[in-house]
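Engineer: What follows is query10.cif; its format and atoms are mmCIF, C-alpha atoms and all ligand atoms.
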data_coords
#
loop_
_atom_site.label_atom_id
_atom_site.label_comp_id
_atom_site.auth_asym_id
_atom_site.auth_seq_id
_atom_site.Cartn_x
_atom_site.Cartn_y
_atom_site.Cartn_z
CA MET A 28 -5.50 -1.12 -34.35
CA SER A 29 -4.73 -4.35 -32.58
CA ILE A 30 -6.78 -4.32 -29.38
CA HIS A 31 -10.45 -3.39 -29.63
CA VAL A 32 -12.27 -2.51 -26.39
CA LYS A 33 -15.98 -1.98 -25.89
CA PHE A 34 -17.60 -1.02 -22.59
CA TRP A 35 -20.90 -2.76 -21.80
CA GLY A 36 -21.06 -1.83 -18.11
CA VAL A 37 -19.10 0.90 -16.29
CA ARG A 38 -20.91 1.39 -13.00
CA GLY A 39 -19.74 0.16 -9.61
CA SER A 40 -21.52 -1.49 -6.71
CA ILE A 41 -25.06 -1.74 -8.11
CA ALA A 42 -26.86 -1.14 -11.38
CA CYS A 43 -28.54 2.25 -11.48
CA PRO A 44 -30.72 2.64 -14.59
CA GLY A 45 -32.87 5.74 -14.90
CA ALA A 46 -33.23 9.17 -16.42
CA GLY A 47 -30.15 10.44 -14.56
CA THR A 48 -27.74 7.84 -15.97
CA VAL A 49 -28.80 7.62 -19.61
CA ARG A 50 -25.58 9.05 -21.06
CA TYR A 51 -22.95 7.20 -18.99
CA GLY A 52 -25.03 4.07 -18.37
CA GLY A 53 -26.27 2.19 -15.34
CA ASN A 54 -24.93 -1.35 -15.90
CA THR A 55 -22.16 -2.84 -13.73
CA PRO A 56 -18.71 -3.86 -15.05
CA CYS A 57 -18.31 -5.71 -18.33
CA LEU A 58 -15.70 -5.08 -21.03
CA GLU A 59 -15.46 -6.81 -24.37
CA VAL A 60 -11.84 -6.99 -25.54
CA ARG A 61 -11.02 -8.29 -29.01
CA CYS A 62 -7.47 -9.25 -29.95
CA GLY A 63 -7.77 -10.21 -33.59
CA GLU A 64 -10.21 -13.12 -33.75
CA HIS A 65 -10.02 -13.85 -30.05
CA THR A 66 -12.37 -12.39 -27.46
CA ILE A 67 -11.60 -11.72 -23.82
CA ILE A 68 -14.29 -10.44 -21.49
CA PHE A 69 -13.46 -8.63 -18.26
CA ASP A 70 -16.10 -9.15 -15.58
CA GLY A 71 -19.65 -10.43 -15.75
CA GLY A 72 -21.61 -7.51 -14.30
CA THR A 73 -25.06 -6.59 -15.56
CA GLY A 74 -23.45 -5.22 -18.75
CA LEU A 75 -22.87 -8.84 -19.78
CA ARG A 76 -26.60 -9.22 -20.52
CA PRO A 77 -26.82 -6.60 -23.33
CA TYR A 78 -23.49 -7.89 -24.67
CA GLY A 79 -24.99 -11.38 -24.95
CA VAL A 80 -28.06 -9.98 -26.69
CA ALA A 81 -25.84 -8.15 -29.21
CA VAL A 82 -23.74 -11.25 -29.90
CA LEU A 83 -26.79 -13.42 -30.56
CA LYS A 84 -28.31 -10.74 -32.78
CA SER A 85 -25.11 -10.62 -34.86
CA GLY A 86 -25.21 -14.38 -35.33
CA ALA A 87 -21.68 -14.77 -33.92
CA ILE A 88 -20.64 -17.81 -31.89
CA VAL A 89 -19.18 -17.06 -28.47
CA ASP A 90 -15.80 -18.71 -27.90
CA ALA A 91 -14.26 -16.50 -25.25
CA ASP A 92 -12.30 -16.24 -22.01
CA LEU A 93 -14.04 -14.30 -19.25
CA PHE A 94 -11.68 -13.06 -16.54
CA LEU A 95 -13.34 -11.95 -13.31
CA SER A 96 -11.72 -9.26 -11.19
CA HIS A 97 -13.46 -10.89 -8.21
CA CYS A 98 -16.81 -12.37 -7.29
CA HIS A 99 -18.63 -9.44 -5.69
CA LEU A 100 -22.17 -9.34 -7.06
CA ASP A 101 -21.66 -6.26 -9.23
CA HIS A 102 -19.05 -8.29 -11.20
CA VAL A 103 -20.92 -11.60 -11.59
CA ALA A 104 -24.65 -10.74 -11.53
CA GLY A 105 -24.86 -10.73 -15.33
CA LEU A 106 -23.63 -14.32 -15.76
CA PRO A 107 -27.03 -16.04 -15.28
CA PHE A 108 -28.43 -13.61 -17.88
CA PHE A 109 -25.74 -14.12 -20.54
CA ALA A 110 -28.01 -15.67 -23.16
CA PRO A 111 -25.26 -17.53 -25.12
CA LEU A 112 -24.75 -19.76 -22.06
CA PHE A 113 -28.13 -21.34 -22.76
CA ALA A 114 -27.26 -22.51 -26.28
CA GLU A 115 -25.02 -25.51 -27.01
CA ARG A 116 -22.89 -24.04 -29.76
CA HIS A 117 -21.16 -21.44 -27.56
CA SER A 118 -18.16 -21.95 -25.28
CA LEU A 119 -16.88 -19.87 -22.40
CA ARG A 120 -13.93 -20.30 -20.09
CA ILE A 121 -14.54 -18.39 -16.86
CA TRP A 122 -11.44 -17.51 -14.84
CA ALA A 123 -11.19 -16.37 -11.23
CA GLY A 124 -8.02 -15.71 -9.24
CA ASN A 125 -7.29 -16.03 -5.58
CA LEU A 126 -10.51 -17.70 -4.38
CA PRO A 127 -10.01 -19.82 -1.23
CA PRO A 128 -9.25 -23.50 -2.05
CA ASP A 129 -12.50 -24.63 -0.45
CA LEU A 130 -14.49 -22.06 -2.48
CA PRO A 131 -13.57 -22.60 -6.13
CA LEU A 132 -15.31 -20.55 -8.82
CA LYS A 133 -17.90 -23.18 -9.70
CA THR A 134 -18.93 -23.49 -6.04
CA VAL A 135 -19.26 -19.71 -5.76
CA LEU A 136 -21.45 -19.46 -8.87
CA ARG A 137 -23.44 -22.53 -7.78
CA THR A 138 -24.16 -20.72 -4.50
CA MET A 139 -25.25 -17.54 -6.27
CA MET A 140 -27.52 -19.59 -8.54
CA SER A 141 -29.36 -21.58 -5.90
CA PRO A 142 -32.69 -21.24 -4.06
CA PRO A 143 -33.91 -19.07 -2.50
CA LEU A 144 -31.54 -16.62 -4.23
CA PHE A 145 -32.10 -17.82 -7.80
CA PRO A 146 -34.54 -20.17 -9.54
CA ILE A 147 -32.18 -22.14 -11.83
CA ASP A 148 -28.77 -23.70 -11.23
CA VAL A 149 -25.46 -23.74 -13.15
CA GLU A 150 -26.37 -27.15 -14.63
CA SER A 151 -29.03 -25.34 -16.68
CA PHE A 152 -26.33 -23.84 -18.89
CA ARG A 153 -26.07 -25.57 -22.26
CA ALA A 154 -22.89 -23.97 -23.60
CA GLU A 155 -19.52 -25.58 -23.08
CA ILE A 156 -18.30 -23.92 -19.88
CA GLU A 157 -15.02 -24.37 -18.08
CA TYR A 158 -14.50 -22.95 -14.61
CA ARG A 159 -10.84 -22.15 -14.12
CA ASP A 160 -9.30 -21.08 -10.85
CA PHE A 161 -5.80 -19.60 -10.99
CA GLN A 162 -3.21 -17.92 -8.81
CA PRO A 163 -2.53 -14.31 -9.85
CA GLY A 164 1.05 -13.42 -10.67
CA THR A 165 1.99 -16.00 -13.29
CA PRO A 166 1.71 -14.72 -16.87
CA MET A 167 -0.80 -16.65 -18.98
CA GLN A 168 -1.46 -17.06 -22.68
CA PRO A 169 -5.20 -17.44 -23.16
CA HIS A 170 -4.59 -17.59 -26.91
CA PRO A 171 -1.38 -17.67 -29.00
CA GLY A 172 0.03 -14.16 -29.23
CA ILE A 173 -1.92 -12.80 -26.27
CA VAL A 174 -0.04 -12.39 -22.98
CA LEU A 175 -2.16 -11.81 -19.90
CA LYS A 176 -0.55 -10.76 -16.63
CA SER A 177 -2.27 -10.38 -13.28
CA ALA A 178 -1.70 -9.16 -9.73
CA MET A 179 -3.67 -8.74 -6.53
CA LEU A 180 -5.33 -5.39 -5.84
CA ASN A 181 -6.35 -3.67 -2.59
CA HIS A 182 -9.97 -4.69 -2.01
CA PRO A 183 -11.89 -6.37 0.83
CA GLY A 184 -11.74 -10.10 0.08
CA GLY A 185 -9.22 -9.45 -2.71
CA ALA A 186 -9.55 -8.55 -6.39
CA VAL A 187 -7.32 -9.21 -9.39
CA GLY A 188 -6.00 -6.63 -11.85
CA TYR A 189 -5.02 -7.52 -15.42
CA ARG A 190 -2.72 -6.49 -18.23
CA ILE A 191 -3.15 -7.66 -21.84
CA GLU A 192 -0.25 -7.41 -24.28
CA TYR A 193 -1.05 -8.03 -27.92
CA ARG A 194 0.84 -6.95 -31.03
CA GLY A 195 2.77 -4.24 -29.18
CA LYS A 196 -0.31 -2.74 -27.54
CA VAL A 197 -1.18 -2.83 -23.85
CA LEU A 198 -4.52 -2.67 -22.06
CA ALA A 199 -4.55 -2.56 -18.23
CA TYR A 200 -7.73 -3.26 -16.25
CA LEU A 201 -7.54 -2.46 -12.54
CA THR A 202 -10.87 -2.09 -10.86
CA ASP A 203 -12.02 -2.48 -7.29
CA THR A 204 -8.83 -1.25 -5.71
CA GLU A 205 -8.01 1.41 -3.15
CA LEU A 206 -4.86 3.40 -3.74
CA PRO A 207 -2.77 3.77 -0.58
CA SER A 208 -1.74 7.31 0.32
CA GLY A 209 1.91 6.17 0.40
CA ALA A 210 3.90 3.97 -1.94
CA ILE A 211 2.02 2.03 -4.60
CA ASP A 212 2.52 -1.76 -4.85
CA PRO A 213 5.12 -2.22 -7.63
CA ARG A 214 3.25 -5.30 -8.91
CA GLN A 215 0.19 -3.14 -9.52
CA LEU A 216 2.26 -0.44 -11.19
CA ALA A 217 3.89 -3.08 -13.41
CA LEU A 218 0.46 -4.11 -14.69
CA ALA A 219 -0.14 -0.61 -15.98
CA ALA A 220 3.40 0.36 -16.96
CA ASN A 221 3.35 2.27 -20.26
CA ALA A 222 -0.17 0.98 -20.98
CA ASP A 223 -1.86 2.44 -24.04
CA LEU A 224 -5.12 2.38 -22.09
CA LEU A 225 -5.45 2.12 -18.31
CA VAL A 226 -8.96 1.38 -17.07
CA PHE A 227 -8.89 2.26 -13.37
CA ASP A 228 -11.26 2.33 -10.40
CA CYS A 229 -12.26 6.00 -10.00
CA THR A 230 -15.37 5.44 -7.90
CA TYR A 231 -15.25 8.46 -5.61
CA THR A 232 -14.41 12.13 -5.31
CA GLU A 233 -11.96 13.32 -2.63
CA SER A 234 -14.79 14.53 -0.38
CA GLU A 235 -16.67 11.22 -0.68
CA ILE A 236 -13.75 8.92 0.12
CA ALA A 237 -13.10 10.57 3.48
CA SER A 238 -15.90 8.51 5.04
CA ARG A 239 -15.22 5.44 2.84
CA ARG A 240 -11.62 4.52 3.57
CA GLY A 241 -11.14 0.77 3.61
CA TRP A 242 -14.01 0.12 1.21
CA GLY A 243 -11.55 -0.85 -1.53
CA HIS A 244 -12.13 1.90 -4.08
CA SER A 245 -10.22 4.95 -5.32
CA THR A 246 -10.92 8.52 -6.39
CA TRP A 247 -10.38 10.01 -9.83
CA GLN A 248 -7.44 11.93 -8.34
CA ASP A 249 -5.97 8.56 -7.28
CA GLY A 250 -6.49 7.36 -10.84
CA ILE A 251 -4.44 10.26 -12.14
CA ARG A 252 -1.64 9.67 -9.61
CA PHE A 253 -1.56 5.98 -10.52
CA ALA A 254 -1.60 6.67 -14.27
CA ASN A 255 1.25 9.18 -13.90
CA GLU A 256 3.40 6.82 -11.82
CA ALA A 257 2.76 3.95 -14.26
CA LYS A 258 3.38 6.28 -17.24
CA ALA A 259 0.15 5.08 -18.82
CA ARG A 260 -0.82 6.90 -21.99
CA THR A 261 -4.60 7.25 -21.58
CA LEU A 262 -6.43 6.97 -18.27
CA CYS A 263 -10.01 5.74 -18.54
CA MET A 264 -12.01 6.35 -15.38
CA PHE A 265 -14.23 3.41 -14.44
CA HIS A 266 -16.52 1.84 -11.77
CA HIS A 267 -18.48 5.06 -11.28
CA ASP A 268 -20.37 5.51 -8.03
CA PRO A 269 -24.08 4.82 -8.62
CA GLY A 270 -24.81 8.15 -6.91
CA HIS A 271 -23.05 10.10 -9.68
CA ASP A 272 -25.64 11.06 -12.27
CA ASP A 273 -24.77 12.25 -15.79
CA ASP A 274 -24.32 15.89 -14.72
CA ALA A 275 -22.01 14.88 -11.88
CA MET A 276 -20.04 12.67 -14.29
CA ASP A 277 -19.71 15.56 -16.77
CA LYS A 278 -18.21 17.70 -14.02
CA ILE A 279 -15.78 14.98 -12.91
CA ALA A 280 -14.81 14.31 -16.54
CA GLN A 281 -14.04 17.99 -17.06
CA GLN A 282 -11.95 18.30 -13.90
CA ALA A 283 -10.02 15.09 -14.64
CA ALA A 284 -9.28 16.05 -18.25
CA ALA A 285 -7.99 19.42 -17.02
CA ALA A 286 -5.77 17.71 -14.45
CA ARG A 287 -4.43 15.11 -16.91
CA PRO A 288 -5.09 15.96 -20.56
CA GLY A 289 -6.42 13.04 -22.58
CA THR A 290 -8.19 11.43 -19.61
CA ILE A 291 -11.48 9.85 -20.62
CA VAL A 292 -14.51 8.53 -18.76
CA ALA A 293 -15.90 5.08 -19.47
CA ARG A 294 -19.50 5.04 -20.58
CA GLU A 295 -21.72 2.31 -21.92
CA GLY A 296 -21.21 1.77 -25.63
CA LEU A 297 -17.79 3.46 -25.75
CA ALA A 298 -15.57 1.58 -28.22
CA LEU A 299 -11.84 2.17 -28.58
CA ASP A 300 -9.15 0.80 -30.86
CA LEU A 301 -5.67 0.83 -29.36
ZN ZN A 401 -17.22 -3.50 -7.93
ZN ZN A 402 -15.82 -5.43 -5.07
#
Rewrite the structure of this file - the entire thing - as structure tokens.

Structural biologist:
Amino acid sequence: MSIHVKFWGVRGSIACPGAGTVRYGGNTPCLEVRCGEHTIIFDGGTGLRPYGVAVLKSGAIVDADLFLSHCHLDHVAGLPFFAPLFAERHSLRIWAGNLPPDLPLKTVLRTMMSPPLFPIDVESFRAEIEYRDFQPGTPMQPHPGIVLKSAMLNHPGGAVGYRIEYRGKVLAYLTDTELPSGAIDPRQLALAANADLLVFDCTYTESEIASRRGWGHSTWQDGIRFANEAKARTLCMFHHDPGHDDDAMDKIAQQAAAARPGTIVAREGLALDL
């Protein structure tokens, strides 16, 4: 039990709360990953808001590294609502890879949080925040003992996939990526090689993707092909299409588990120990 993962948002593209998404959840991507005492957060979608509420309620102090897959709204919209950012005692290092040199992360977030789009600006945050731009590909050590590797994915405007290695366990997080029908990029496969848990973009079904090629997302069948090629142990389907209600997700979950035994579907509140 060395890597602890909790899903706070699992939905792609746009939040979709309502009676039809109660069981799997309607919030957009946010994962809490704990490696011992250290916390890494993947993506700041709308799931980041309930995570912040839970942290404050527990009395814990946030001292974490938040790695963004990319800056599409479904992955950053929760940041202005992450309550710990408005209290001085917390600290957060926000990382983004592959942004253009003239559009560093702080500029991007400053744009999102500016009138007429948003009423308050990034200077309103009271926590200690560092905005860190990086080039994917070079292994990093966000904390002693934690190795974090990254690579570019196939997504309009680019997205970054991640691999965490900690105490012999491996978590791979590859979302917002479209699997090519031919050979898979070896750098992407390397991220997920022999992973204990592979969280992968499984937005669509085969019939849906036919009209959505080039949108930068994969099907659950793609997820299985990728997991098999990478020899990942458990595939966790992620970034669900907002049009898939709980009944549709049940059906997909059943089909995927039959096709690759052990396959699981991410849902809000799911917690796993690797
Ligand atoms: Zn997305
Ligand atoms: Zn995207």

Engineer: For Pro111 of chain A, list every protein, DNA or RNA residue within 9 Å, evaluated using all atoms listed in the file, and leave out those in the same chain fewer than 2 positions away; present the list as an MDAnalysis selection string.

Structural biologist: chainID A and resid 79:80 82:83 88:89 108:109 113:118 152:154

Engineer: For Ala46 of chain A, work out the shell of residues within 12 Å, counting all atoms listed in the file and skipping chain neighbours fewer than 5 positions away, then give it as a PDB file with C-alpha atoms, keeping the file's coordinate frame.

Structural biologist:
ATOM      1  CA  TYR A  51     -22.950   7.200 -18.990  1.00  0.00           C
ATOM      2  CA  GLY A  52     -25.030   4.070 -18.370  1.00  0.00           C
ATOM      3  CA  GLY A  53     -26.270   2.190 -15.340  1.00  0.00           C
ATOM      4  CA  ASP A 272     -25.640  11.060 -12.270  1.00  0.00           C
ATOM      5  CA  ASP A 273     -24.770  12.250 -15.790  1.00  0.00           C
ATOM      6  CA  ASP A 274     -24.320  15.890 -14.720  1.00  0.00           C
TER       7      ASP A 274
END

Engineer: Find the distance between atom CA of Leu301 of chain A and atom CA of Ser29 of chain A and write it in Å to one decimal.

Structural biologist: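 Going from atom CA of Leu301 of chain A over to atom CA of Ser29 of chain A, I get 6.2 Å.
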
Engineer: When the cut-off is 8 Å and you count all atoms listed in the file, which residues lie near ligand ZN 402 (chain A), shown as a list in words?

Structural biologist: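 I would give the residues around ligand ZN 402 (chain A) as Ser40, His97, Cys98, His99, Leu100, Asp101, His102, His182, Pro183, Ala186, Asp203 and Gly243 of chain A.
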
Engineer: In Å, with one decimal, what is the gap from atom CA of His266 of chain A to atom CA of Trp35 of chain A?

Structural biologist: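 Computing the Euclidean distance for atom CA of His266 of chain A and atom CA of Trp35 of chain A yields 11.9 Å.
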
Engineer: Measuring between all atoms listed in the file, which one of A:Pro166, A:Pro171, A:Gly124, A:Pro269 shows the shortest distance to ligand ZN 401 (chain A)?

Structural biologist: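 Looking only at the distances to ligand ZN 401 (chain A), the closest residue turns out to be A:Pro269.
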
Engineer: Taking only C-alpha atoms and all ligand atoms and a cut-off of 12 Å, can you tell me which residues surround ligand ZN 401 (chain A), written as a compact mmCIF listing (two decimals) with C-alpha atoms, in the frame of the given file?

Structural biologist:
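result.txt written:
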# COMPACT_ATOMS: atom_id res chain seq x y z
CA GLY A 36 -21.06 -1.83 -18.11
CA VAL A 37 -19.10 0.90 -16.29
CA ARG A 38 -20.91 1.39 -13.00
CA GLY A 39 -19.74 0.16 -9.61
CA SER A 40 -21.52 -1.49 -6.71
CA ILE A 41 -25.06 -1.74 -8.11
CA ALA A 42 -26.86 -1.14 -11.38
CA ASN A 54 -24.93 -1.35 -15.90
CA THR A 55 -22.16 -2.84 -13.73
CA PRO A 56 -18.71 -3.86 -15.05
CA CYS A 57 -18.31 -5.71 -18.33
CA ASP A 70 -16.10 -9.15 -15.58
CA GLY A 71 -19.65 -10.43 -15.75
CA GLY A 72 -21.61 -7.51 -14.30
CA THR A 73 -25.06 -6.59 -15.56
CA LEU A 95 -13.34 -11.95 -13.31
CA SER A 96 -11.72 -9.26 -11.19
CA HIS A 97 -13.46 -10.89 -8.21
CA CYS A 98 -16.81 -12.37 -7.29
CA HIS A 99 -18.63 -9.44 -5.69
CA LEU A 100 -22.17 -9.34 -7.06
CA ASP A 101 -21.66 -6.26 -9.23
CA HIS A 102 -19.05 -8.29 -11.20
CA VAL A 103 -20.92 -11.60 -11.59
CA ALA A 104 -24.65 -10.74 -11.53
CA HIS A 182 -9.97 -4.69 -2.01
CA PRO A 183 -11.89 -6.37 0.83
CA GLY A 184 -11.74 -10.10 0.08
CA GLY A 185 -9.22 -9.45 -2.71
CA ALA A 186 -9.55 -8.55 -6.39
CA VAL A 187 -7.32 -9.21 -9.39
CA LEU A 201 -7.54 -2.46 -12.54
CA THR A 202 -10.87 -2.09 -10.86
CA ASP A 203 -12.02 -2.48 -7.29
CA THR A 204 -8.83 -1.25 -5.71
CA GLU A 205 -8.01 1.41 -3.15
CA PHE A 227 -8.89 2.26 -13.37
CA ASP A 228 -11.26 2.33 -10.40
CA CYS A 229 -12.26 6.00 -10.00
CA THR A 230 -15.37 5.44 -7.90
CA TRP A 242 -14.01 0.12 1.21
CA GLY A 243 -11.55 -0.85 -1.53
CA HIS A 244 -12.13 1.90 -4.08
CA SER A 245 -10.22 4.95 -5.32
CA PHE A 265 -14.23 3.41 -14.44
CA HIS A 266 -16.52 1.84 -11.77
CA HIS A 267 -18.48 5.06 -11.28
CA ASP A 268 -20.37 5.51 -8.03
CA PRO A 269 -24.08 4.82 -8.62

Engineer: Which residues come within 10 Å of Ala220 of chain A, counting all atoms listed in the file, excluding same-chain residues fewer than 6 positions away, as an MDAnalysis selection string?

Structural biologist: chainID A and resid 190 197:199 213:214 253:260

Engineer: With 12 Å as the threshold, what does the neighbourhood of (-16.9, 13.9, -13.0) contain in terms of residues, counting only C-alpha atoms? Coordinates are those of the file; answer as number ranges by chain.

Structural biologist: A: 51, 229-233, 246-248, 264-265, 267-268, 270-286, 290-294

Engineer: How far is it from atom CA of Ser151 of chain A to atom CA of Leu112 of chain A, in Å with one decimal?

Structural biologist: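 These two atoms are separated by 8.9 Å.
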
Engineer: When you count all atoms listed in the file, which of these residues is closest to Glu155 of chain A: A:Arg287, A:Arg50, A:Arg120, A:Arg240?

Structural biologist: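 So, comparing all the options, the nearest one is A:Arg120.
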
Engineer: Env of Asn125 of chain A: 7 Å cut, atoms = all atoms listed in the file, seq-sep filter 4 positions within chain, self excluded. Answer as a PDB file with C-alpha atoms, in the frame of the given file.

Structural biologist:
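The resulting file, selection-v3.pdb, is reproduced below:
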ATOM      1  CA  PHE A 161      -5.800 -19.600 -10.990  1.00  0.00           C
ATOM      2  CA  GLN A 162      -3.210 -17.920  -8.810  1.00  0.00           C
ATOM      3  CA  PRO A 163      -2.530 -14.310  -9.850  1.00  0.00           C
TER       4      PRO A 163
END

Engineer: Residues within 6 Å of Val174 of chain A, please, as a list in words. Count only C-alpha atoms; anything in the same chain fewer than 6 positions from it doesn't count.

Structural biologist: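 Surrounding residues, per the criterion: Met167, Gln168, Ile191 and Glu192 of chain A.
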